[in-house]
Amino acid sequence: MSEATDLAAAAGSADARVGLRAVLALRRLLETLERLQVDNARRQGWSWQEIADALGVSKQAVHKKHAGRTVAARSQED
């Protein structure tokens, strides 16, 4: 089984301690995956609006969350 599958199963545990720890780990994994895919989309030329639409959030929300980091990451690549 994959880590994500194991965590999803643990999140449904009757033991609240196990379940909450799994929820935290899944949240962290999700944030990492979102950063990865936003960076990927920006490298492919996606606009902030296109990314926002794909994530189901406002353009302002996605820009506020990711703009500074992606600009910094890209300037290090140059």
# chains A, B, ... in the order shown; residues from 1 in each chain; ligands from 1
call {"tool": "select_by_dssp", "arguments": {"residues": "chain A", "states": "alpha helix (DSSP H)", "output": "PyMOL selection string"}}
result
chain A and resi 3-11+16-43+48-55+59-77
call {"tool": "residues_around", "arguments": {"residues": "region 4-15 of chain A", "least_positions_apart": "6", "cutoff": "12 Å", "atoms": "only C-alpha atoms", "output": "list in words"}}
result
Arg21, Ala22, Val23, Leu24, Ala25, Leu26, Arg27, Arg28, Leu29, Leu30 and Leu33 of chain A
call {"tool": "write_last_selection", "arguments": {"atoms": "C-alpha atoms", "output": "PDB file, in the first residue's frame"}}
result
ATOM      1  CA  ARG A  21      -2.198  12.289  13.404  1.00  0.00           C
ATOM      2  CA  ALA A  22      -3.147  10.814  10.039  1.00  0.00           C
ATOM      3  CA  VAL A  23      -5.225  13.906   9.186  1.00  0.00           C
ATOM      4  CA  LEU A  24      -2.230  16.125   9.974  1.00  0.00           C
ATOM      5  CA  ALA A  25       0.074  13.990   7.816  1.00  0.00           C
ATOM      6  CA  LEU A  26      -2.444  14.035   4.952  1.00  0.00           C
ATOM      7  CA  ARG A  27      -2.764  17.829   5.230  1.00  0.00           C
ATOM      8  CA  ARG A  28       1.013  18.193   4.973  1.00  0.00           C
ATOM      9  CA  LEU A  29       1.148  15.811   2.021  1.00  0.00           C
ATOM     10  CA  LEU A  30      -1.635  17.713   0.286  1.00  0.00           C
ATOM     11  CA  LEU A  33       1.493  18.203  -3.691  1.00  0.00           C
TER      12      LEU A  33
END
call {"tool": "closest_residue", "arguments": {"among": "A:Arg17, A:Ser2, A:His63, A:Thr32", "to": "Ser47 (chain A)", "atoms": "only C-alpha atoms"}}
result
A:His63
call {"tool": "residues_around", "arguments": {"residues": "Trp48 (chain A)", "least_positions_apart": "4", "cutoff": "8 Å", "atoms": "only C-alpha atoms", "output": "list of chain:residue names"}}
result
A:Ala52, A:Lys59, A:Val62, A:His63
call {"tool": "decode", "arguments": {"residues": "region 16-43 of chain A", "atoms": "N, CA and C atoms", "output": "mmCIF file, in the first residue's frame"}}
result
data_model
loop_
_atom_site.group_PDB
_atom_site.id
_atom_site.type_symbol
_atom_site.label_atom_id
_atom_site.label_comp_id
_atom_site.auth_asym_id
_atom_site.auth_seq_id
_atom_site.Cartn_x
_atom_site.Cartn_y
_atom_site.Cartn_z
ATOM 1 N N ALA A 16 -8.938 8.230 18.175
ATOM 2 C CA ALA A 16 -8.838 9.636 17.778
ATOM 3 C C ALA A 16 -7.393 10.082 17.617
ATOM 4 N N ARG A 17 -6.490 9.603 18.452
ATOM 5 C CA ARG A 17 -5.081 10.004 18.350
ATOM 6 C C ARG A 17 -4.493 9.564 17.007
ATOM 7 N N VAL A 18 -4.769 8.344 16.619
ATOM 8 C CA VAL A 18 -4.295 7.812 15.338
ATOM 9 C C VAL A 18 -4.935 8.583 14.188
ATOM 10 N N GLY A 19 -6.230 8.801 14.271
ATOM 11 C CA GLY A 19 -6.944 9.498 13.212
ATOM 12 C C GLY A 19 -6.466 10.924 13.022
ATOM 13 N N LEU A 20 -6.298 11.641 14.121
ATOM 14 C CA LEU A 20 -5.863 13.032 14.015
ATOM 15 C C LEU A 20 -4.431 13.158 13.511
ATOM 16 N N ARG A 21 -3.574 12.270 13.931
ATOM 17 C CA ARG A 21 -2.198 12.289 13.404
ATOM 18 C C ARG A 21 -2.196 12.028 11.900
ATOM 19 N N ALA A 22 -3.052 11.112 11.470
ATOM 20 C CA ALA A 22 -3.147 10.814 10.039
ATOM 21 C C ALA A 22 -3.694 12.012 9.262
ATOM 22 N N VAL A 23 -4.682 12.706 9.836
ATOM 23 C CA VAL A 23 -5.225 13.906 9.186
ATOM 24 C C VAL A 23 -4.134 14.955 9.019
ATOM 25 N N LEU A 24 -3.336 15.168 10.056
ATOM 26 C CA LEU A 24 -2.230 16.125 9.974
ATOM 27 C C LEU A 24 -1.241 15.730 8.877
ATOM 28 N N ALA A 25 -0.875 14.457 8.838
ATOM 29 C CA ALA A 25 0.074 13.990 7.816
ATOM 30 C C ALA A 25 -0.513 14.144 6.416
ATOM 31 N N LEU A 26 -1.802 13.866 6.257
ATOM 32 C CA LEU A 26 -2.444 14.035 4.952
ATOM 33 C C LEU A 26 -2.480 15.509 4.555
ATOM 34 N N ARG A 27 -2.749 16.394 5.512
ATOM 35 C CA ARG A 27 -2.764 17.829 5.230
ATOM 36 C C ARG A 27 -1.398 18.278 4.733
ATOM 37 N N ARG A 28 -0.345 17.819 5.391
ATOM 38 C CA ARG A 28 1.013 18.193 4.973
ATOM 39 C C ARG A 28 1.333 17.642 3.585
ATOM 40 N N LEU A 29 0.937 16.413 3.335
ATOM 41 C CA LEU A 29 1.148 15.811 2.021
ATOM 42 C C LEU A 29 0.399 16.596 0.950
ATOM 43 N N LEU A 30 -0.839 16.954 1.234
ATOM 44 C CA LEU A 30 -1.635 17.713 0.286
ATOM 45 C C LEU A 30 -1.006 19.066 -0.025
ATOM 46 N N GLU A 31 -0.509 19.759 0.990
ATOM 47 C CA GLU A 31 0.151 21.050 0.772
ATOM 48 C C GLU A 31 1.393 20.896 -0.107
ATOM 49 N N THR A 32 2.163 19.845 0.136
ATOM 50 C CA THR A 32 3.350 19.585 -0.683
ATOM 51 C C THR A 32 2.968 19.322 -2.128
ATOM 52 N N LEU A 33 1.936 18.517 -2.331
ATOM 53 C CA LEU A 33 1.493 18.203 -3.691
ATOM 54 C C LEU A 33 0.945 19.447 -4.390
ATOM 55 N N GLU A 34 0.222 20.293 -3.654
ATOM 56 C CA GLU A 34 -0.301 21.523 -4.253
ATOM 57 C C GLU A 34 0.836 22.437 -4.691
ATOM 58 N N ARG A 35 1.835 22.618 -3.834
ATOM 59 C CA ARG A 35 2.992 23.460 -4.217
ATOM 60 C C ARG A 35 3.656 22.905 -5.471
ATOM 61 N N LEU A 36 3.867 21.611 -5.505
ATOM 62 C CA LEU A 36 4.503 20.957 -6.648
ATOM 63 C C LEU A 36 3.725 21.217 -7.935
ATOM 64 N N GLN A 37 2.403 21.055 -7.882
ATOM 65 C CA GLN A 37 1.603 21.190 -9.094
ATOM 66 C C GLN A 37 1.393 22.655 -9.497
ATOM 67 N N VAL A 38 1.329 23.567 -8.522
ATOM 68 C CA VAL A 38 1.251 24.989 -8.881
ATOM 69 C C VAL A 38 2.547 25.395 -9.583
ATOM 70 N N ASP A 39 3.676 24.982 -9.035
ATOM 71 C CA ASP A 39 4.956 25.283 -9.691
ATOM 72 C C ASP A 39 4.994 24.686 -11.101
ATOM 73 N N ASN A 40 4.521 23.470 -11.229
ATOM 74 C CA ASN A 40 4.476 22.795 -12.525
ATOM 75 C C ASN A 40 3.607 23.582 -13.507
ATOM 76 N N ALA A 41 2.434 23.996 -13.054
ATOM 77 C CA ALA A 41 1.530 24.761 -13.918
ATOM 78 C C ALA A 41 2.148 26.095 -14.328
ATOM 79 N N ARG A 42 2.784 26.792 -13.395
ATOM 80 C CA ARG A 42 3.412 28.078 -13.723
ATOM 81 C C ARG A 42 4.548 27.894 -14.736
ATOM 82 N N ARG A 43 5.345 26.839 -14.557
ATOM 83 C CA ARG A 43 6.415 26.568 -15.539
ATOM 84 C C ARG A 43 5.843 26.293 -16.921
#
